[in-house]
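File shown: structure-v1.csv (CSV, C-alpha atoms and all ligand atoms).
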```
chain,number,residue,atom,x,y,z
A,1333,MET,CA,10.4,-5.8,16.7
A,1334,LEU,CA,8.3,-4.2,14.0
A,1335,ILE,CA,7.3,-0.6,14.5
A,1336,LEU,CA,4.3,1.4,13.6
A,1337,PRO,CA,5.8,4.2,11.5
A,1338,ASP,CA,4.3,7.7,11.8
A,1339,LEU,CA,2.2,8.9,8.9
A,1340,PRO,CA,4.1,11.1,6.6
A,1341,TYR,CA,1.4,13.8,7.1
A,1342,GLY,CA,-1.1,14.9,9.7
A,1343,TYR,CA,-4.3,12.9,10.5
A,1344,GLY,CA,-6.3,15.8,9.1
A,1345,ASP,CA,-4.2,16.4,6.0
A,1346,LEU,CA,-6.1,14.1,3.6
A,1347,ARG,CA,-9.5,15.7,4.1
A,1348,PRO,CA,-12.0,15.7,2.5
A,1349,VAL,CA,-11.2,12.4,0.8
A,1350,LEU,CA,-10.3,10.7,4.0
A,1351,SER,CA,-11.5,12.2,7.3
A,1352,GLU,CA,-9.3,12.6,10.4
A,1353,THR,CA,-11.5,9.9,12.1
A,1354,THR,CA,-10.9,7.4,9.2
A,1355,LEU,CA,-7.1,8.1,9.2
A,1356,ARG,CA,-6.8,7.8,13.0
A,1357,THR,CA,-8.7,4.6,13.1
A,1358,HIS,CA,-7.0,3.1,10.0
A,1359,HIS,CA,-3.4,3.9,11.2
A,1360,GLY,CA,-3.8,3.9,14.9
A,1361,LYS,CA,-6.1,0.8,15.2
A,1362,HIS,CA,-5.9,-1.3,12.0
A,1363,HIS,CA,-2.2,-0.8,11.0
A,1364,ALA,CA,-1.2,-0.8,14.7
A,1365,ARG,CA,-3.0,-4.1,15.3
A,1366,TYR,CA,-1.3,-5.8,12.4
A,1367,VAL,CA,2.1,-4.7,13.8
A,1368,GLN,CA,1.1,-5.9,17.3
A,1369,VAL,CA,0.0,-9.3,16.2
A,1370,ALA,CA,3.0,-9.8,13.9
A,1371,ASN,CA,5.3,-8.9,16.8
A,1372,GLU,CA,3.5,-11.4,19.1
A,1373,LEU,CA,3.9,-14.2,16.5
A,1374,LEU,CA,7.6,-13.2,15.8
A,1375,ALA,CA,8.3,-13.3,19.6
A,1376,ALA,CA,7.5,-17.0,19.5
A,1377,LYS,CA,10.0,-17.8,16.7
A,1378,THR,CA,13.6,-18.7,17.5
A,1379,ARG,CA,15.4,-16.6,14.9
A,1380,PRO,CA,12.9,-14.3,13.2
A,1381,ALA,CA,14.1,-12.1,10.3
A,1382,THR,CA,14.4,-8.5,11.2
A,1383,ASP,CA,13.3,-6.8,8.0
A,1384,LEU,CA,9.6,-6.8,7.3
A,1385,GLU,CA,10.2,-7.7,3.6
A,1386,ASP,CA,12.0,-10.8,4.6
A,1387,ILE,CA,9.4,-11.7,7.2
A,1388,VAL,CA,6.7,-11.5,4.6
A,1389,VAL,CA,8.5,-13.6,2.1
A,1390,GLU,CA,9.4,-16.3,4.7
A,1391,ALA,CA,6.0,-16.5,6.2
A,1392,HIS,CA,4.6,-16.8,2.6
A,1393,SER,CA,6.9,-19.6,1.6
A,1394,GLU,CA,6.5,-21.4,4.9
A,1395,GLY,CA,2.7,-21.2,4.7
A,1396,ASP,CA,2.5,-19.4,8.0
A,1397,ARG,CA,-0.8,-17.8,7.2
A,1398,LYS,CA,-1.4,-15.9,10.4
A,1399,LEU,CA,2.1,-14.3,10.4
A,1400,PHE,CA,1.8,-13.7,6.6
A,1401,ASN,CA,-1.5,-11.9,6.9
A,1402,ASN,CA,-0.4,-9.6,9.7
A,1403,ALA,CA,3.1,-8.9,8.4
A,1404,ALA,CA,1.9,-8.3,4.8
A,1405,GLN,CA,-0.9,-6.1,6.0
A,1406,ALA,CA,1.7,-4.1,8.1
A,1407,TRP,CA,3.8,-3.7,4.9
A,1408,ASN,CA,0.9,-2.9,2.6
A,1409,HIS,CA,-0.3,-0.1,5.0
A,1410,GLY,CA,3.2,1.3,5.4
A,1411,PHE,CA,3.5,1.5,1.6
A,1412,PHE,CA,-0.1,2.8,1.2
A,1413,TRP,CA,0.6,5.8,3.5
A,1414,GLN,CA,3.5,6.8,1.2
A,1415,CYS,CA,1.3,6.7,-1.9
A,1416,MET,CA,-0.7,9.7,-0.6
A,1417,ARG,CA,0.0,13.3,0.3
A,1418,ARG,CA,-1.7,16.5,1.1
A,1419,GLY,CA,-2.4,18.3,-2.2
A,1420,GLY,CA,-1.6,15.2,-4.2
A,1421,GLY,CA,-3.0,14.3,-7.6
A,1422,GLY,CA,-1.6,15.7,-10.8
A,1423,GLY,CA,0.6,13.4,-12.7
A,1424,PRO,CA,4.0,11.6,-12.8
A,1425,GLY,CA,7.4,12.9,-13.9
A,1426,ALA,CA,8.6,12.6,-17.5
A,1427,GLU,CA,10.1,9.2,-17.4
A,1428,LEU,CA,7.2,7.5,-15.7
A,1429,ALA,CA,4.8,9.4,-17.9
A,1430,SER,CA,6.4,8.0,-21.1
A,1431,ALA,CA,6.2,4.5,-19.7
A,1432,ILE,CA,2.5,5.0,-18.9
A,1433,ASP,CA,2.0,6.3,-22.4
A,1434,ALA,CA,3.7,3.2,-23.8
A,1435,ASP,CA,2.0,0.6,-21.6
A,1436,PHE,CA,-1.5,2.1,-21.1
A,1437,GLY,CA,-1.9,4.7,-23.9
A,1438,GLY,CA,-1.7,7.6,-21.4
A,1439,LEU,CA,-2.5,8.7,-17.8
A,1440,VAL,CA,-6.3,8.8,-18.5
A,1441,GLU,CA,-6.3,5.2,-19.6
A,1442,LEU,CA,-4.2,4.1,-16.6
A,1443,ARG,CA,-6.6,5.9,-14.3
A,1444,LYS,CA,-9.5,4.1,-16.0
A,1445,ALA,CA,-7.8,0.7,-15.6
A,1446,PHE,CA,-6.8,1.3,-12.0
A,1447,THR,CA,-10.2,2.6,-10.8
A,1448,ALA,CA,-12.1,-0.1,-12.7
A,1449,GLU,CA,-9.8,-2.8,-11.2
A,1450,GLY,CA,-10.4,-1.4,-7.7
A,1451,ALA,CA,-14.1,-0.9,-8.1
A,1452,ALA,CA,-14.6,-4.4,-9.5
A,1453,HIS,CA,-12.4,-6.2,-6.9
A,1454,PHE,CA,-14.6,-8.6,-5.0
A,1455,GLY,CA,-14.3,-8.3,-1.3
A,1456,SER,CA,-11.3,-6.9,0.6
A,1457,GLY,CA,-8.0,-6.2,-0.9
A,1458,TRP,CA,-5.7,-3.8,-2.7
A,1459,VAL,CA,-5.3,-2.3,-6.2
A,1460,TRP,CA,-1.7,-1.7,-7.4
A,1461,LEU,CA,0.3,-0.2,-10.2
A,1462,VAL,CA,3.3,-2.5,-10.4
A,1463,HIS,CA,6.4,-2.7,-12.6
A,1464,LYS,CA,7.0,-6.3,-13.7
A,1465,ASP,CA,8.7,-8.0,-16.6
A,1466,GLY,CA,9.8,-4.7,-18.0
A,1467,ARG,CA,6.3,-3.1,-18.1
A,1468,LEU,CA,3.7,-1.4,-16.0
A,1469,THR,CA,0.5,-3.3,-15.1
A,1470,VAL,CA,-2.5,-2.8,-12.8
A,1471,ILE,CA,-3.4,-5.7,-10.5
A,1472,SER,CA,-5.5,-6.3,-7.5
A,1473,THR,CA,-4.7,-8.6,-4.6
A,1474,HIS,CA,-7.0,-10.2,-2.1
A,1475,ASP,CA,-6.9,-9.6,1.7
A,1476,ALA,CA,-3.2,-9.3,2.7
A,1477,ALA,CA,-1.7,-10.6,-0.6
A,1478,THR,CA,1.2,-8.3,-1.7
A,1479,PRO,CA,3.7,-8.0,-4.6
A,1480,VAL,CA,6.4,-8.3,-1.9
A,1481,THR,CA,6.3,-12.0,-2.5
A,1482,GLU,CA,7.0,-11.6,-6.2
A,1483,PRO,CA,10.7,-10.8,-6.5
A,1484,ALA,CA,10.3,-9.5,-10.1
A,1485,ALA,CA,7.6,-7.0,-9.2
A,1486,ILE,CA,8.1,-3.5,-7.8
A,1487,PRO,CA,4.9,-1.7,-6.8
A,1488,LEU,CA,4.6,2.0,-7.7
A,1489,LEU,CA,1.2,2.8,-6.1
A,1490,VAL,CA,-1.4,1.1,-4.1
A,1491,CYS,CA,-4.9,1.9,-2.9
A,1492,ASP,CA,-6.5,0.1,0.0
A,1493,VAL,CA,-10.0,-1.1,-1.0
A,1494,TRP,CA,-10.9,-2.8,2.3
A,1495,GLU,CA,-14.1,-1.2,3.5
A,1496,HIS,CA,-12.3,0.1,6.6
A,1497,ALA,CA,-10.3,2.4,4.2
A,1498,TYR,CA,-13.3,4.3,2.9
A,1499,TYR,CA,-16.6,3.4,4.4
A,1500,LEU,CA,-16.9,6.2,7.0
A,1501,ASP,CA,-16.3,8.8,4.3
A,1502,HIS,CA,-17.8,7.3,1.1
A,1503,ALA,CA,-20.1,4.6,2.4
A,1504,ASN,CA,-20.5,1.9,-0.3
A,1505,ASP,CA,-19.2,4.2,-3.1
A,1506,ARG,CA,-15.8,2.6,-3.7
A,1507,ALA,CA,-15.6,4.0,-7.2
A,1508,GLY,CA,-16.2,7.5,-5.9
A,1509,PHE,CA,-13.5,7.0,-3.3
A,1510,LEU,CA,-11.0,5.8,-6.0
A,1511,ASP,CA,-11.8,8.8,-8.2
A,1512,ALA,CA,-11.3,11.2,-5.3
A,1513,TRP,CA,-8.2,9.4,-4.3
A,1514,TRP,CA,-6.8,9.7,-7.8
A,1515,ASP,CA,-7.8,13.4,-8.1
A,1516,LEU,CA,-6.6,14.7,-4.7
A,1517,LEU,CA,-4.2,12.3,-2.9
A,1518,VAL,CA,-1.9,10.3,-5.2
A,1519,ASN,CA,1.7,11.0,-4.4
A,1520,TRP,CA,3.3,10.9,-7.9
A,1521,ASP,CA,6.8,11.9,-6.5
A,1522,PHE,CA,6.7,8.6,-4.6
A,1523,ALA,CA,5.6,6.6,-7.7
A,1524,ASP,CA,8.4,8.3,-9.7
A,1525,ARG,CA,11.0,7.1,-7.1
A,1526,GLN,CA,9.6,3.6,-7.2
A,1527,PHE,CA,9.8,3.6,-11.0
A,1528,ALA,CA,13.4,4.7,-10.8
A,1529,ALA,CA,13.9,1.7,-8.4
A,1530,ALA,CA,12.4,-0.6,-11.0
A,1531,THR,CA,14.2,0.8,-14.0
A,1532,ALA,CA,17.3,2.7,-12.9
A,1533,GLY,CA,18.8,0.7,-10.1
A,1534,LYS,CA,17.6,3.1,-7.3
A,1535,ALA,CA,16.6,1.8,-3.9
A,1536,ALA,CA,12.9,0.9,-3.6
A,1537,TRP,CA,11.0,1.9,-0.5
A,1538,ARG,CA,11.4,-0.4,2.4
A,1539,TYR,CA,9.4,-0.6,5.6
A,1540,PRO,CA,11.2,1.4,8.4
A,1541,ARG,CA,13.1,-0.6,11.0
A,1542,GLY,CA,12.9,0.2,14.6
A,1543,SER,CA,15.9,1.8,16.3
A,1544,GLU,CA,16.5,-0.9,18.8
A,1545,ALA,CA,18.8,-3.7,17.6
A,1546,SER,CA,16.9,-6.9,18.2
B,1601,MN3,MN,-6.4,-0.9,5.5
```

Represent the structure from my file as structure tokens, please.
Ligand code: MN3
Amino acid sequence: MLILPDLPYGYGDLRPVLSETTLRTHHGKHHARYVQVANELLAAKTRPATDLEDIVVEAHSEGDRKLFNNAAQAWNHGFFWQCMRRGGGGGPGAELASAIDADFGGLVELRKAFTAEGAAHFGSGWVWLVHKDGRLTVISTHDAATPVTEPAAIPLLVCDVWEHAYYLDHANDRAGFLDAWWDLLVNWDFADRQFAAATAGKAAWRYPRGSEAS
């Protein structure tokens, strides 16, 4: 059974960028629904994998689109919550900062690339900072698509650019949402840990498992 992990902060902690209403709906309805549907689909399988990362990879390789969409969306949201914190923003630690200098020419340029990719992404999806093939890169993915299916890629940050993520607070101003997200919410400590997972053999973030053995 997949679980709906608690947010690592309170529902009101990401104001004013994300209102309490947005966060309650996004976590308690959208993320919860992906978990619920994935669990219903897994219940019908004989020997489902237990770790969400494995479920996502298997569903992807088997072409089980419904399970993939719901499982990957559960993972993407669990990861997204970690990428934000109250009083976020600022910048990365020294090691990630030098990699950003090397691959983008600095934090300002990374921010430009990230916000431009997210603002220009057509339709629903996600904008990511990932480490792949020895370097950092900004990508966007459509709908539920996720770097989890790419064994060589380790994500450092993601922002949800589905309309349900920002519309109540920012209406159609996705670029404004991305700017505010970057200024006030980014959890660089988390990005630093993911960078250490990509480059220094540390453990990358994994979706929390339920306590029950099933
Ligand atoms: Mn979402």

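Residue nearest Gly1508 (chain A), chosen from A:Asp1524, A:Glu1495, A:Ala1451, A:Ala1484 and counting all atoms listed in the file: A:Ala1451.
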
Would you give me, as CSV, each residue of chain A having an atom within 8 Å of an atom of ligand MN3 1601 (chain B), along with its shortest atom pair and that distance in Å to one decimal, using only C-alpha atoms and all ligand atoms and sorting by chain and residue number?
```
residue,atom,partner,partner_atom,distance
A:His1358,CA,B:MN3_1601,MN,6.1
A:His1362,CA,B:MN3_1601,MN,6.5
A:His1363,CA,B:MN3_1601,MN,6.9
A:Gln1405,CA,B:MN3_1601,MN,7.6
A:His1409,CA,B:MN3_1601,MN,6.2
A:Asp1492,CA,B:MN3_1601,MN,5.6
A:Val1493,CA,B:MN3_1601,MN,7.4
A:Trp1494,CA,B:MN3_1601,MN,5.8
A:Glu1495,CA,B:MN3_1601,MN,8.0
A:His1496,CA,B:MN3_1601,MN,6.1
A:Ala1497,CA,B:MN3_1601,MN,5.3
```

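For the pair CA of Pro1424 (chain A) and CA of Trp1520 (chain A), the interatomic distance is 5.0 Å.
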
Atomic distance CA of Phe1400 (chain A) - CA of Ala1370 (chain A), expressed in Å with one decimal: 8.4 Å

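Ranking A:Val1462, A:Leu1339, A:Ala1429, A:Val1490 by their shortest atom-to-atom distance to Gly1450 (chain A), with only C-alpha atoms included, puts A:Val1490 first.
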
Å distance separating CA of Phe1527 (chain A) from CA of Trp1460 (chain A), one decimal place: 13.2 Å

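For the set A:Arg1525, A:Lys1464, A:His1474, A:Arg1538, the residue with the smallest atom-to-atom gap to Asn1401 (chain A) is A:His1474, counting only C-alpha atoms.
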
Using all atoms listed in the file, which residue out of A:Leu1489, A:Val1480, A:Val1459, A:Ala1535 lies closest to Val1388 (chain A)? A:Val1480

Assuming the input is short of atoms at region 1389-1400 of chain A, produce all heavy atoms for that part as a PDB file, in the coordinates of the input.
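Dumped to out_28.pdb:
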```
ATOM      1  N   VAL A1389       8.148 -12.558   3.047  1.00  0.00           N
ATOM      2  CA  VAL A1389       8.500 -13.600   2.100  1.00  0.00           C
ATOM      3  C   VAL A1389       8.647 -14.957   2.769  1.00  0.00           C
ATOM      4  O   VAL A1389       8.155 -15.977   2.263  1.00  0.00           O
ATOM      5  CB  VAL A1389       9.838 -13.199   1.368  1.00  0.00           C
ATOM      6  CG1 VAL A1389      10.408 -14.369   0.571  1.00  0.00           C
ATOM      7  CG2 VAL A1389       9.603 -11.991   0.455  1.00  0.00           C
ATOM      8  N   GLU A1390       9.276 -14.983   3.950  1.00  0.00           N
ATOM      9  CA  GLU A1390       9.400 -16.300   4.700  1.00  0.00           C
ATOM     10  C   GLU A1390       8.101 -16.834   5.103  1.00  0.00           C
ATOM     11  O   GLU A1390       7.847 -18.026   4.949  1.00  0.00           O
ATOM     12  CB  GLU A1390      10.328 -16.045   5.910  1.00  0.00           C
ATOM     13  CG  GLU A1390      11.813 -15.983   5.567  1.00  0.00           C
ATOM     14  CD  GLU A1390      12.683 -15.826   6.818  1.00  0.00           C
ATOM     15  OE1 GLU A1390      12.200 -16.121   7.949  1.00  0.00           O
ATOM     16  OE2 GLU A1390      13.820 -15.391   6.652  1.00  0.00           O
ATOM     17  N   ALA A1391       7.260 -15.993   5.676  1.00  0.00           N
ATOM     18  CA  ALA A1391       6.000 -16.500   6.200  1.00  0.00           C
ATOM     19  C   ALA A1391       5.151 -17.030   4.977  1.00  0.00           C
ATOM     20  O   ALA A1391       4.449 -18.040   5.103  1.00  0.00           O
ATOM     21  CB  ALA A1391       5.196 -15.365   6.863  1.00  0.00           C
ATOM     22  N   HIS A1392       5.268 -16.357   3.840  1.00  0.00           N
ATOM     23  CA  HIS A1392       4.600 -16.800   2.600  1.00  0.00           C
ATOM     24  C   HIS A1392       5.076 -18.167   2.188  1.00  0.00           C
ATOM     25  O   HIS A1392       4.295 -19.089   1.919  1.00  0.00           O
ATOM     26  CB  HIS A1392       4.724 -15.768   1.537  1.00  0.00           C
ATOM     27  CG  HIS A1392       3.941 -16.073   0.305  1.00  0.00           C
ATOM     28  ND1 HIS A1392       4.511 -16.534  -0.848  1.00  0.00           N
ATOM     29  CD2 HIS A1392       2.618 -15.970   0.042  1.00  0.00           C
ATOM     30  CE1 HIS A1392       3.572 -16.715  -1.769  1.00  0.00           C
ATOM     31  NE2 HIS A1392       2.419 -16.375  -1.253  1.00  0.00           N
ATOM     32  N   SER A1393       6.405 -18.315   2.126  1.00  0.00           N
ATOM     33  CA  SER A1393       6.900 -19.600   1.600  1.00  0.00           C
ATOM     34  C   SER A1393       6.762 -20.711   2.614  1.00  0.00           C
ATOM     35  O   SER A1393       6.665 -21.879   2.236  1.00  0.00           O
ATOM     36  CB  SER A1393       8.417 -19.411   1.215  1.00  0.00           C
ATOM     37  OG  SER A1393       9.190 -19.142   2.350  1.00  0.00           O
ATOM     38  N   GLU A1394       6.697 -20.380   3.904  1.00  0.00           N
ATOM     39  CA  GLU A1394       6.500 -21.400   4.900  1.00  0.00           C
ATOM     40  C   GLU A1394       5.011 -21.751   5.120  1.00  0.00           C
ATOM     41  O   GLU A1394       4.679 -22.647   5.906  1.00  0.00           O
ATOM     42  CB  GLU A1394       7.099 -20.970   6.254  1.00  0.00           C
ATOM     43  CG  GLU A1394       8.628 -20.954   6.243  1.00  0.00           C
ATOM     44  CD  GLU A1394       9.227 -20.209   7.440  1.00  0.00           C
ATOM     45  OE1 GLU A1394       8.445 -19.756   8.313  1.00  0.00           O
ATOM     46  OE2 GLU A1394      10.461 -20.073   7.480  1.00  0.00           O
ATOM     47  N   GLY A1395       4.141 -20.996   4.468  1.00  0.00           N
ATOM     48  CA  GLY A1395       2.700 -21.200   4.700  1.00  0.00           C
ATOM     49  C   GLY A1395       2.220 -20.845   6.042  1.00  0.00           C
ATOM     50  O   GLY A1395       1.197 -21.367   6.512  1.00  0.00           O
ATOM     51  N   ASP A1396       2.931 -19.936   6.699  1.00  0.00           N
ATOM     52  CA  ASP A1396       2.500 -19.400   8.000  1.00  0.00           C
ATOM     53  C   ASP A1396       1.493 -18.315   7.777  1.00  0.00           C
ATOM     54  O   ASP A1396       1.825 -17.139   7.724  1.00  0.00           O
ATOM     55  CB  ASP A1396       3.718 -18.921   8.800  1.00  0.00           C
ATOM     56  CG  ASP A1396       3.367 -18.527  10.227  1.00  0.00           C
ATOM     57  OD1 ASP A1396       2.165 -18.318  10.517  1.00  0.00           O
ATOM     58  OD2 ASP A1396       4.298 -18.426  11.051  1.00  0.00           O
ATOM     59  N   ARG A1397       0.252 -18.726   7.647  1.00  0.00           N
ATOM     60  CA  ARG A1397      -0.800 -17.800   7.200  1.00  0.00           C
ATOM     61  C   ARG A1397      -1.054 -16.665   8.123  1.00  0.00           C
ATOM     62  O   ARG A1397      -1.258 -15.524   7.698  1.00  0.00           O
ATOM     63  CB  ARG A1397      -2.045 -18.620   6.930  1.00  0.00           C
ATOM     64  CG  ARG A1397      -3.064 -17.861   6.152  1.00  0.00           C
ATOM     65  CD  ARG A1397      -4.123 -18.803   5.635  1.00  0.00           C
ATOM     66  NE  ARG A1397      -5.120 -18.032   4.914  1.00  0.00           N
ATOM     67  CZ  ARG A1397      -5.974 -18.570   4.055  1.00  0.00           C
ATOM     68  NH1 ARG A1397      -5.945 -19.862   3.830  1.00  0.00           N
ATOM     69  NH2 ARG A1397      -6.869 -17.824   3.444  1.00  0.00           N
ATOM     70  N   LYS A1398      -1.061 -16.952   9.410  1.00  0.00           N
ATOM     71  CA  LYS A1398      -1.400 -15.900  10.400  1.00  0.00           C
ATOM     72  C   LYS A1398      -0.287 -14.827  10.380  1.00  0.00           C
ATOM     73  O   LYS A1398      -0.563 -13.629  10.357  1.00  0.00           O
ATOM     74  CB  LYS A1398      -1.600 -16.477  11.764  1.00  0.00           C
ATOM     75  CG  LYS A1398      -2.184 -15.465  12.729  1.00  0.00           C
ATOM     76  CD  LYS A1398      -2.610 -16.098  14.049  1.00  0.00           C
ATOM     77  CE  LYS A1398      -3.234 -15.030  14.952  1.00  0.00           C
ATOM     78  NZ  LYS A1398      -3.488 -15.539  16.321  1.00  0.00           N
ATOM     79  N   LEU A1399       0.961 -15.291  10.418  1.00  0.00           N
ATOM     80  CA  LEU A1399       2.100 -14.300  10.400  1.00  0.00           C
ATOM     81  C   LEU A1399       2.073 -13.586   9.048  1.00  0.00           C
ATOM     82  O   LEU A1399       2.255 -12.363   9.010  1.00  0.00           O
ATOM     83  CB  LEU A1399       3.407 -15.019  10.612  1.00  0.00           C
ATOM     84  CG  LEU A1399       4.635 -14.096  10.540  1.00  0.00           C
ATOM     85  CD1 LEU A1399       4.538 -12.949  11.542  1.00  0.00           C
ATOM     86  CD2 LEU A1399       5.928 -14.891  10.775  1.00  0.00           C
ATOM     87  N   PHE A1400       1.862 -14.321   7.954  1.00  0.00           N
ATOM     88  CA  PHE A1400       1.800 -13.700   6.600  1.00  0.00           C
ATOM     89  C   PHE A1400       0.773 -12.580   6.600  1.00  0.00           C
ATOM     90  O   PHE A1400       1.037 -11.450   6.181  1.00  0.00           O
ATOM     91  CB  PHE A1400       1.619 -14.665   5.512  1.00  0.00           C
ATOM     92  CG  PHE A1400       1.440 -13.968   4.184  1.00  0.00           C
ATOM     93  CD1 PHE A1400       2.533 -13.470   3.490  1.00  0.00           C
ATOM     94  CD2 PHE A1400       0.166 -13.748   3.666  1.00  0.00           C
ATOM     95  CE1 PHE A1400       2.373 -12.775   2.293  1.00  0.00           C
ATOM     96  CE2 PHE A1400       0.001 -13.050   2.464  1.00  0.00           C
ATOM     97  CZ  PHE A1400       1.097 -12.567   1.787  1.00  0.00           C
TER      98      PHE A1400
END
```
